[in-house]
file start_27.csv (CSV, C-alpha atoms)
chain,number,residue,atom,x,y,z
G,1,MET,CA,-13.8,-13.3,14.5
G,2,THR,CA,-14.5,-12.8,10.8
G,3,LYS,CA,-18.1,-11.7,10.2
G,4,LEU,CA,-20.1,-13.3,7.4
G,5,THR,CA,-23.4,-11.7,6.4
G,6,PRO,CA,-26.5,-14.0,6.1
G,7,ILE,CA,-26.0,-13.9,2.3
G,8,ALA,CA,-22.4,-15.1,2.6
G,9,ALA,CA,-23.4,-17.8,5.0
G,10,ALA,CA,-26.1,-19.0,2.7
G,11,CYS,CA,-23.7,-19.0,-0.3
G,12,ALA,CA,-21.3,-21.1,1.7
G,13,LEU,CA,-23.9,-23.9,1.8
G,14,LEU,CA,-24.3,-24.0,-2.0
G,15,PRO,CA,-22.6,-26.6,-4.2
G,16,ALA,CA,-19.3,-25.2,-5.3
G,17,ALA,CA,-19.7,-26.1,-9.0
G,18,ALA,CA,-23.2,-24.6,-9.3
G,19,PHE,CA,-22.2,-21.5,-7.3
G,20,ALA,CA,-19.1,-20.9,-9.4
G,21,GLN,CA,-21.2,-20.7,-12.6
G,22,ASP,CA,-22.8,-17.5,-11.3
G,23,LEU,CA,-19.6,-15.8,-10.4
G,24,THR,CA,-17.7,-13.3,-12.6
G,25,PRO,CA,-14.0,-14.2,-12.8
G,26,VAL,CA,-11.7,-11.3,-11.8
G,27,THR,CA,-7.9,-11.2,-11.4
G,28,PHE,CA,-6.1,-8.8,-9.0
G,29,GLY,CA,-2.4,-8.4,-9.5
G,30,THR,CA,-0.4,-7.3,-6.5
G,31,ASN,CA,2.9,-5.3,-6.8
G,32,TRP,CA,5.0,-7.6,-4.7
G,33,LEU,CA,5.2,-11.0,-3.1
G,34,ALA,CA,2.4,-12.1,-0.8
G,35,GLN,CA,2.6,-10.5,2.6
G,36,ALA,CA,0.5,-9.1,5.4
G,37,GLU,CA,0.4,-5.7,3.6
G,38,HIS,CA,-1.9,-7.5,1.1
G,39,GLY,CA,-3.9,-9.2,3.9
G,40,GLY,CA,-7.3,-7.7,3.3
G,41,PHE,CA,-7.5,-9.0,-0.2
G,42,TYR,CA,-6.5,-12.5,0.8
G,43,GLN,CA,-9.0,-12.3,3.6
G,44,SER,CA,-11.9,-11.7,1.2
G,45,VAL,CA,-10.8,-14.6,-1.0
G,46,ALA,CA,-10.5,-16.9,2.1
G,47,ASP,CA,-13.9,-16.0,3.7
G,48,GLY,CA,-16.0,-15.7,0.6
G,49,THR,CA,-16.7,-12.0,0.8
G,50,TYR,CA,-15.9,-11.5,-2.9
G,51,ASN,CA,-18.1,-14.4,-3.7
G,52,GLU,CA,-21.0,-12.8,-1.8
G,53,CYS,CA,-21.3,-10.0,-4.4
G,54,GLY,CA,-20.7,-12.2,-7.4
G,55,LEU,CA,-16.9,-12.3,-8.0
G,56,ASP,CA,-14.5,-15.2,-8.3
G,57,VAL,CA,-11.3,-13.4,-7.4
G,58,THR,CA,-7.8,-14.7,-8.2
G,59,ILE,CA,-4.8,-12.9,-6.7
G,60,VAL,CA,-1.6,-13.0,-8.7
G,61,SER,CA,1.5,-12.1,-6.8
G,62,GLY,CA,4.0,-9.5,-8.1
G,63,GLY,CA,7.7,-9.6,-7.6
G,64,PRO,CA,11.1,-8.5,-8.9
G,65,GLN,CA,10.5,-10.1,-12.4
G,66,VAL,CA,6.7,-9.5,-12.6
G,67,ASN,CA,4.9,-6.5,-14.0
G,68,ASN,CA,1.2,-7.0,-13.1
G,69,ARG,CA,0.4,-3.4,-14.0
G,70,ALA,CA,1.5,-4.1,-17.6
G,71,LEU,CA,-0.9,-7.1,-17.6
G,72,MET,CA,-3.7,-4.8,-16.6
G,73,LEU,CA,-2.8,-2.4,-19.4
G,74,ALA,CA,-3.0,-5.3,-21.8
G,75,ASP,CA,-6.5,-6.2,-20.5
G,76,ARG,CA,-5.2,-9.6,-19.1
G,77,ILE,CA,-6.1,-8.7,-15.5
G,78,GLN,CA,-8.9,-6.4,-14.2
G,79,PHE,CA,-7.3,-4.8,-11.1
G,80,HIS,CA,-3.9,-3.9,-9.9
G,81,MET,CA,-2.3,-2.9,-6.6
G,82,GLY,CA,-0.8,0.6,-7.2
G,83,GLY,CA,2.1,2.1,-5.3
G,84,ASP,CA,1.4,5.7,-4.3
G,85,MET,CA,-0.3,8.6,-6.0
G,86,LEU,CA,2.8,9.7,-7.8
G,87,GLN,CA,2.5,6.5,-9.9
G,88,ALA,CA,-1.1,7.5,-10.7
G,89,PHE,CA,-0.1,11.1,-11.7
G,90,ASN,CA,2.5,9.7,-14.1
G,91,ALA,CA,-0.1,7.5,-15.7
G,92,VAL,CA,-2.1,10.6,-16.5
G,93,LYS,CA,1.0,12.4,-17.8
G,94,GLU,CA,1.6,9.4,-20.1
G,95,GLU,CA,-2.0,9.4,-21.2
G,96,ILE,CA,-2.6,5.9,-19.8
G,97,PRO,CA,-6.3,5.5,-18.6
G,98,VAL,CA,-5.5,4.0,-15.3
G,99,VAL,CA,-7.7,5.2,-12.4
G,100,ALA,CA,-7.3,4.7,-8.6
G,101,VAL,CA,-10.6,3.7,-7.1
G,102,ALA,CA,-9.6,3.3,-3.5
G,103,ALA,CA,-6.5,3.7,-1.3
G,104,ILE,CA,-5.9,1.0,1.4
G,105,PHE,CA,-3.0,2.8,3.0
G,106,GLN,CA,-3.8,6.2,4.4
G,107,LYS,CA,-0.2,6.7,5.4
G,108,HIS,CA,2.7,5.7,3.1
G,109,PRO,CA,4.8,3.0,4.8
G,110,GLN,CA,8.1,4.2,3.5
G,111,VAL,CA,10.5,4.9,6.4
G,112,ILE,CA,14.0,6.0,7.2
G,113,VAL,CA,15.6,3.5,9.6
G,114,ALA,CA,18.2,4.9,12.0
G,115,HIS,CA,20.4,3.8,14.9
G,116,PRO,CA,19.1,4.4,18.4
G,117,ASP,CA,21.2,7.6,18.8
G,118,VAL,CA,19.1,9.3,16.1
G,119,GLU,CA,16.2,10.8,18.1
G,120,SER,CA,14.5,13.0,15.6
G,121,TRP,CA,13.8,13.6,11.9
G,122,GLU,CA,16.1,16.6,12.1
G,123,ASP,CA,18.9,14.4,13.4
G,124,LEU,CA,18.9,12.5,10.2
G,125,LYS,CA,20.5,15.5,8.4
G,126,ASP,CA,23.7,14.7,10.1
G,127,LYS,CA,23.8,11.1,8.7
G,128,THR,CA,24.7,9.5,5.4
G,129,LEU,CA,21.4,8.3,4.0
G,130,LEU,CA,21.2,5.0,2.0
G,131,ILE,CA,18.5,5.6,-0.6
G,132,GLY,CA,17.7,3.6,-3.7
G,133,ASP,CA,17.4,5.2,-7.2
G,134,ASN,CA,13.6,5.1,-7.2
G,135,GLY,CA,13.4,6.7,-3.8
G,136,PHE,CA,16.0,9.3,-4.8
G,137,SER,CA,13.9,10.4,-7.8
G,138,SER,CA,10.7,10.6,-5.8
G,139,TYR,CA,10.4,11.1,-2.1
G,140,TYR,CA,14.0,12.1,-1.5
G,141,GLN,CA,13.5,15.0,-3.9
G,142,TRP,CA,10.7,16.1,-1.6
G,143,MET,CA,13.0,15.6,1.4
G,144,ILE,CA,15.5,18.0,-0.2
G,145,ALA,CA,12.8,20.6,-1.2
G,146,ALA,CA,10.7,20.5,2.0
G,147,HIS,CA,13.2,19.6,4.7
G,148,GLY,CA,16.7,20.6,3.6
G,149,PHE,CA,18.3,17.2,3.1
G,150,THR,CA,21.0,17.2,0.4
G,151,ALA,CA,21.9,15.1,-2.6
G,152,GLU,CA,25.5,14.9,-1.3
G,153,GLN,CA,24.5,13.0,1.9
G,154,ARG,CA,22.7,10.3,-0.1
G,155,GLN,CA,24.4,7.1,-1.1
G,156,PRO,CA,22.8,4.3,-3.1
G,157,TYR,CA,20.9,1.6,-1.1
G,158,THR,CA,21.6,-1.9,-2.2
G,159,PHE,CA,18.7,-3.5,-0.4
G,160,ASN,CA,21.1,-5.1,2.0
G,161,PRO,CA,21.0,-3.8,5.7
G,162,ALA,CA,24.5,-4.9,6.5
G,163,PRO,CA,26.2,-1.5,5.6
G,164,PHE,CA,23.7,0.3,7.8
G,165,ILE,CA,24.1,-2.2,10.7
G,166,ALA,CA,27.9,-1.8,10.5
G,167,ASN,CA,28.1,2.0,10.4
G,168,THR,CA,26.3,4.1,13.0
G,169,ASP,CA,26.8,7.2,10.8
G,170,THR,CA,24.3,5.9,8.3
G,171,ALA,CA,20.5,5.6,8.1
G,172,MET,CA,18.7,3.8,5.4
G,173,GLN,CA,15.4,3.7,3.5
G,174,GLY,CA,13.0,0.9,4.4
G,175,TYR,CA,9.5,-0.4,4.4
G,176,LEU,CA,7.8,-0.1,7.8
G,177,SER,CA,7.3,-3.8,8.3
G,178,SER,CA,10.4,-5.1,6.5
G,179,GLU,CA,13.8,-3.4,7.3
G,180,PRO,CA,13.0,-2.7,10.9
G,181,TYR,CA,12.2,-6.4,11.4
G,182,LEU,CA,15.4,-7.5,9.6
G,183,VAL,CA,17.5,-5.2,11.7
G,184,GLN,CA,16.0,-6.5,14.9
G,185,LYS,CA,16.6,-10.1,13.8
G,186,GLU,CA,20.1,-9.6,12.3
G,187,ALA,CA,21.6,-7.0,14.6
G,188,GLY,CA,19.8,-7.6,17.8
G,189,PHE,CA,18.8,-4.0,18.4
G,190,THR,CA,15.6,-2.0,17.8
G,191,PRO,CA,16.2,0.8,15.4
G,192,ASN,CA,14.5,4.2,15.5
G,193,VAL,CA,12.1,4.4,12.6
G,194,PHE,CA,10.8,7.6,11.0
G,195,LEU,CA,7.7,7.4,8.7
G,196,ILE,CA,8.0,9.9,5.9
G,197,ALA,CA,4.2,10.2,6.1
G,198,ASP,CA,4.5,11.6,9.6
G,199,ASN,CA,6.8,14.3,8.3
G,200,GLY,CA,4.6,15.5,5.5
G,201,TYR,CA,4.8,13.0,2.6
G,202,SER,CA,1.0,12.9,2.3
G,203,SER,CA,0.4,10.3,-0.5
G,204,TYR,CA,-1.9,7.4,-0.2
G,205,ALA,CA,-0.4,4.0,-0.9
G,206,THR,CA,-1.5,0.5,-1.8
G,207,THR,CA,-4.2,1.8,-4.1
G,208,ILE,CA,-6.7,-0.3,-6.1
G,209,GLU,CA,-6.2,0.6,-9.8
G,210,THR,CA,-8.3,-0.4,-12.7
G,211,MET,CA,-8.8,0.8,-16.3
G,212,GLN,CA,-11.3,3.5,-17.2
G,213,ALA,CA,-12.8,1.1,-19.6
G,214,THR,CA,-13.6,-1.3,-16.7
G,215,ILE,CA,-15.3,1.5,-14.8
G,216,ASP,CA,-17.3,2.4,-17.9
G,217,ASN,CA,-18.3,-1.1,-18.9
G,218,SER,CA,-18.5,-3.0,-15.6
G,219,PRO,CA,-19.1,-0.5,-12.7
G,220,GLU,CA,-20.9,-3.2,-10.7
G,221,VAL,CA,-17.7,-5.4,-10.9
G,222,VAL,CA,-15.6,-2.4,-9.7
G,223,GLU,CA,-18.1,-1.7,-6.8
G,224,CYS,CA,-18.1,-5.3,-5.7
G,225,PHE,CA,-14.3,-5.6,-5.8
G,226,VAL,CA,-13.8,-2.4,-3.9
G,227,ASP,CA,-16.5,-3.1,-1.3
G,228,GLY,CA,-15.3,-6.7,-0.9
G,229,SER,CA,-11.7,-5.5,-0.4
G,230,LEU,CA,-12.5,-2.9,2.2
G,231,THR,CA,-14.6,-5.4,4.1
G,232,GLY,CA,-11.7,-7.8,3.9
G,233,TRP,CA,-9.3,-5.3,5.4
G,234,TYR,CA,-11.6,-4.7,8.4
G,235,ASN,CA,-11.8,-8.4,9.0
G,236,TYR,CA,-8.1,-8.9,8.5
G,237,LEU,CA,-7.1,-6.2,11.0
G,238,TYR,CA,-9.8,-6.7,13.6
G,239,GLY,CA,-11.0,-10.3,13.2
G,240,ASP,CA,-9.7,-13.8,12.7
G,241,SER,CA,-7.1,-13.5,9.9
G,242,SER,CA,-5.8,-17.1,10.1
G,243,ALA,CA,-7.3,-18.3,6.8
G,244,ALA,CA,-5.9,-15.2,5.0
G,245,ASP,CA,-2.5,-15.7,6.6
G,246,ALA,CA,-2.5,-19.4,5.4
G,247,LEU,CA,-3.1,-18.2,1.8
G,248,ILE,CA,-0.2,-15.7,2.2
G,249,LEU,CA,2.1,-18.4,3.5
G,250,GLU,CA,1.1,-20.7,0.7
G,251,ALA,CA,1.7,-18.0,-2.0
G,252,ASN,CA,5.1,-16.9,-0.6
G,253,ALA,CA,7.6,-19.6,0.4
G,254,ASP,CA,9.8,-17.0,2.1
G,255,MET,CA,7.1,-15.7,4.3
G,256,THR,CA,6.8,-16.7,8.0
G,257,GLN,CA,4.0,-16.2,10.5
G,258,ASP,CA,6.2,-14.0,12.7
G,259,LYS,CA,6.8,-11.7,9.8
G,260,ILE,CA,3.1,-11.5,9.2
G,261,ASP,CA,2.4,-10.8,12.8
G,262,PHE,CA,5.1,-8.1,13.0
G,263,ALA,CA,3.7,-6.4,9.9
G,264,LYS,CA,0.1,-6.5,11.1
G,265,ASN,CA,1.1,-5.0,14.4
G,266,MET,CA,3.0,-2.2,12.7
G,267,MET,CA,0.1,-1.4,10.4
G,268,ARG,CA,-2.2,-1.2,13.4
G,269,GLU,CA,0.2,0.8,15.7
G,270,GLU,CA,1.1,3.3,13.1
G,271,GLY,CA,-2.4,3.8,11.6
G,272,ILE,CA,-1.2,2.8,8.1
G,273,VAL,CA,-4.7,1.5,7.1
G,274,ASP,CA,-7.1,3.0,9.5
G,275,SER,CA,-6.4,6.6,10.5
G,276,GLY,CA,-7.2,10.2,9.6
G,277,PRO,CA,-10.2,10.6,7.4
G,278,ALA,CA,-10.6,6.8,7.1
G,279,LEU,CA,-11.8,6.8,10.7
G,280,GLU,CA,-14.9,8.5,9.5
G,281,LEU,CA,-15.1,7.7,5.8
G,282,GLY,CA,-13.9,4.1,6.2
G,283,ILE,CA,-10.8,2.1,5.1
G,284,GLY,CA,-10.0,2.8,1.5
G,285,SER,CA,-11.0,6.4,1.6
G,286,MET,CA,-9.6,9.2,-0.5
G,287,THR,CA,-10.2,12.9,-0.6
G,288,ASP,CA,-9.6,15.6,-3.1
G,289,GLU,CA,-7.8,17.7,-0.5
G,290,VAL,CA,-5.2,15.0,0.4
G,291,ILE,CA,-4.5,14.1,-3.2
G,292,GLY,CA,-4.3,17.8,-4.3
G,293,ASP,CA,-1.9,18.6,-1.4
G,294,PHE,CA,0.4,15.7,-2.4
G,295,PHE,CA,0.3,16.7,-6.0
G,296,GLN,CA,1.4,20.3,-5.1
G,297,LYS,CA,4.3,18.9,-3.0
G,298,MET,CA,5.5,16.8,-5.9
G,299,VAL,CA,5.3,19.9,-8.2
G,300,ASP,CA,7.2,22.0,-5.6
G,301,ALA,CA,9.9,19.2,-5.4
G,302,GLY,CA,10.3,19.1,-9.2
G,303,VAL,CA,9.0,15.5,-9.4
G,304,ILE,CA,5.9,16.2,-11.6
G,305,GLU,CA,4.9,19.0,-14.0
G,306,GLU,CA,2.3,21.4,-12.8
G,307,ASP,CA,0.1,21.0,-15.9
G,308,VAL,CA,-0.6,17.3,-15.3
G,309,ASN,CA,-4.4,16.8,-14.8
G,310,TRP,CA,-4.0,15.1,-11.4
G,311,GLN,CA,-7.8,15.0,-10.9
G,312,ALA,CA,-8.0,12.4,-13.7
G,313,SER,CA,-5.9,9.9,-11.7
G,314,TYR,CA,-8.6,8.8,-9.3
G,315,THR,CA,-12.3,8.7,-8.7
G,316,LEU,CA,-14.3,8.9,-5.4
G,317,GLU,CA,-17.2,7.0,-7.0
G,318,PHE,CA,-16.5,3.7,-5.3
G,319,THR,CA,-15.1,4.6,-1.9
G,320,ASN,CA,-15.8,6.9,1.2
G,321,LYS,CA,-19.0,4.9,2.0
G,322,GLY,CA,-17.9,3.4,5.3
G,323,VAL,CA,-18.1,-0.1,4.0
G,324,GLY,CA,-17.1,-2.6,6.7
G,325,LYS,CA,-16.8,-0.1,9.5
G,326,GLU,CA,-19.4,-2.0,11.6
G,327,ILE,CA,-16.9,-5.0,11.8
G,328,LYS,CA,-14.5,-2.9,13.8
G,329,ASP,CA,-17.1,-2.0,16.4
G,330,GLN,CA,-18.3,-5.6,17.0

call {"tool": "encode", "arguments": {"input": "start_27.csv", "output": "structure tokens"}}
result
Amino acid sequence: MTKLTPIAAACALLPAAAFAQDLTPVTFGTNWLAQAEHGGFYQSVADGTYNECGLDVTIVSGGPQVNNRALMLADRIQFHMGGDMLQAFNAVKEEIPVVAVAAIFQKHPQVIVAHPDVESWEDLKDKTLLIGDNGFSSYYQWMIAAHGFTAEQRQPYTFNPAPFIANTDTAMQGYLSSEPYLVQKEAGFTPNVFLIADNGYSSYATTIETMQATIDNSPEVVECFVDGSLTGWYNYLYGDSSAADALILEANADMTQDKIDFAKNMMREEGIVDSGPALELGIGSMTDEVIGDFFQKMVDAGVIEEDVNWQASYTLEFTNKGVGKEIKDQ
């Protein structure tokens, strides 16, 4: 079950109007529609964890026509859900003072989805790969440089699984908890799924971003939001997540409980959130070694210039403290 500290339990008994006066309003913008992959943040809204350390957090969903990162740059929201570290490197390159303060996903959830006859990562080299333009300019360039895939075998992905389902000579890009689910539902078979993270794409993902000015002017707000989010993720993965799921379903009319359950199981089974150094340092952890390794891979793939000051893209000041780990052990 979700664990509330004595402070949180006491706060829950206070009159809402009086309590709200003491809270600092904060807005967190996600990078897509509400889903289980955002669950830890919704968890801490639902169970009062953010309230406990003094924040009144509003989550604003992203989507195809929404750019919450731009709202953060315009100082209209305080925190944003970043993609992977390549996005953070590009912010430094463009001299935009955005800083990653935690990384929820230790493994990037980008996958290549294949038919059951494809048994290995190497077997994908014999297939036509359906890859979108963003993927082609980022991780696919790494696949070419590091693994010998070719530009010629790539065809554009239209975010429709039908061409893949109809043609066993193809494989397609996907998100761990999305396209594999769609294929199972629509085609009636379980595809083979290959995480690019398991094959060397070492970026963190689903980062918490904020502006350097927020860190400088309100470090206590950043600390509270990070600690609250990490606690929320432990509660979401290992406790009672029903209240958070209800908020997700309310925020996204196209979401269903079975999709949420599928995504949550995939995150657990594949160690997306809680694996590697995070087992010791805690959910949300980042290390110089992992980020430096990924930066060099992007340089080698020709995706980013070597002279970019990648160390300026993140800080370890607010993470790596094991916040919330005790929840997993209870």

call {"tool": "closest_atom_pairs", "arguments": {"input": "start_27.csv", "of": "segment 120-178 of chain G", "to": "segment 202-225 of chain G", "cutoff": "12 Å", "atoms": "only C-alpha atoms", "output": "Markdown table"}}
result
| residue | atom | partner | partner_atom | distance |
| --- | --- | --- | --- | --- |
| G:Ser138 | CA | G:Ser203 | CA | 11.6 |
| G:Tyr139 | CA | G:Ser203 | CA | 10.2 |
| G:Trp142 | CA | G:Ser202 | CA | 10.9 |

call {"tool": "write_last_selection", "arguments": {"input": "start_27.csv", "atoms": "C-alpha atoms", "output": "PDB file, in the frame of the given file"}}
result
ATOM      1  CA  SER G 138      10.700  10.600  -5.800  1.00  0.00           C
ATOM      2  CA  TYR G 139      10.400  11.100  -2.100  1.00  0.00           C
ATOM      3  CA  TRP G 142      10.700  16.100  -1.600  1.00  0.00           C
TER       4      TRP G 142
END

call {"tool": "closest_atom_pairs", "arguments": {"input": "start_27.csv", "of": "segment 77-118 of chain G", "to": "segment 291-314 of chain G", "cutoff": "9 Å", "atoms": "only C-alpha atoms", "output": "tab-separated table"}}
result
residue	atom	partner	partner_atom	distance
G:Met85	CA	G:Ile291	CA	7.5
G:Leu86	CA	G:Phe295	CA	7.6
G:Ala88	CA	G:Ser313	CA	5.5
G:Phe89	CA	G:Trp310	CA	5.6
G:Asn90	CA	G:Ile304	CA	7.7
G:Ala91	CA	G:Ser313	CA	7.4
G:Val92	CA	G:Ser313	CA	6.2
G:Lys93	CA	G:Val308	CA	5.7
G:Pro97	CA	G:Ser313	CA	8.2
G:Val98	CA	G:Ser313	CA	6.9
G:Val99	CA	G:Tyr314	CA	4.8
G:Ala100	CA	G:Tyr314	CA	4.4
G:Val101	CA	G:Tyr314	CA	5.9
G:Ala102	CA	G:Tyr314	CA	8.1

call {"tool": "residues_around", "arguments": {"input": "start_27.csv", "residues": "Thr58 of chain G", "least_positions_apart": "2", "cutoff": "7 Å", "atoms": "all atoms listed in the file", "output": "MDAnalysis selection string"}}
result
chainID G and resid 26:28 56 60

call {"tool": "closest_residue", "arguments": {"input": "start_27.csv", "among": "G:Pro180, G:Gly135, G:Val57, G:Arg76", "to": "Pro116 of chain G", "atoms": "all atoms listed in the file"}}
result
G:Pro180

call {"tool": "residues_around", "arguments": {"input": "start_27.csv", "residues": "Ser61 of chain G", "least_positions_apart": "6", "cutoff": "7 Å", "atoms": "all atoms listed in the file", "output": "list in words"}}
result
Gly29, Thr30, Asn31, Trp32, Leu33 and Ala34 of chain G

call {"tool": "write_last_selection", "arguments": {"input": "start_27.csv", "atoms": "C-alpha atoms", "output": "PDB file, keeping the file's coordinate frame"}}
result
ATOM      1  CA  GLY G  29      -2.400  -8.400  -9.500  1.00  0.00           C
ATOM      2  CA  THR G  30      -0.400  -7.300  -6.500  1.00  0.00           C
ATOM      3  CA  ASN G  31       2.900  -5.300  -6.800  1.00  0.00           C
ATOM      4  CA  TRP G  32       5.000  -7.600  -4.700  1.00  0.00           C
ATOM      5  CA  LEU G  33       5.200 -11.000  -3.100  1.00  0.00           C
ATOM      6  CA  ALA G  34       2.400 -12.100  -0.800  1.00  0.00           C
TER       7      ALA G  34
END

call {"tool": "residues_around", "arguments": {"input": "start_27.csv", "residues": "segment 186-198 of chain G", "least_positions_apart": "5", "cutoff": "10 Å", "atoms": "only C-alpha atoms", "output": "PyMOL selection string"}}
result
chain G and resi 106-121+124+139-140+143+161-162+165-166+171-176+179-181+203-204+270+272

call {"tool": "residues_around", "arguments": {"input": "start_27.csv", "residues": "segment 147-152 of chain G", "least_positions_apart": "3", "cutoff": "10 Å", "atoms": "all atoms listed in the file", "output": "list in words"}}
result
Trp121, Glu122, Leu124, Lys125, Asp126, Lys127, Thr128, Leu129, Phe136, Tyr140, Gln141, Trp142, Met143, Ile144, Gln155, Asn199 and Gly200 of chain G

call {"tool": "closest_atom_pairs", "arguments": {"input": "start_27.csv", "of": "segment 79-197 of chain G", "to": "segment 227-246 of chain G", "cutoff": "12 Å", "atoms": "only C-alpha atoms", "output": "CSV"}}
result
residue,atom,partner,partner_atom,distance
G:Phe79,CA,G:Ser229,CA,11.6
G:Met81,CA,G:Ser229,CA,11.6
G:Val101,CA,G:Asp227,CA,10.7
G:Ala102,CA,G:Leu230,CA,8.9
G:Ala103,CA,G:Leu230,CA,9.6
G:Ile104,CA,G:Leu230,CA,7.7
G:Phe105,CA,G:Trp233,CA,10.5
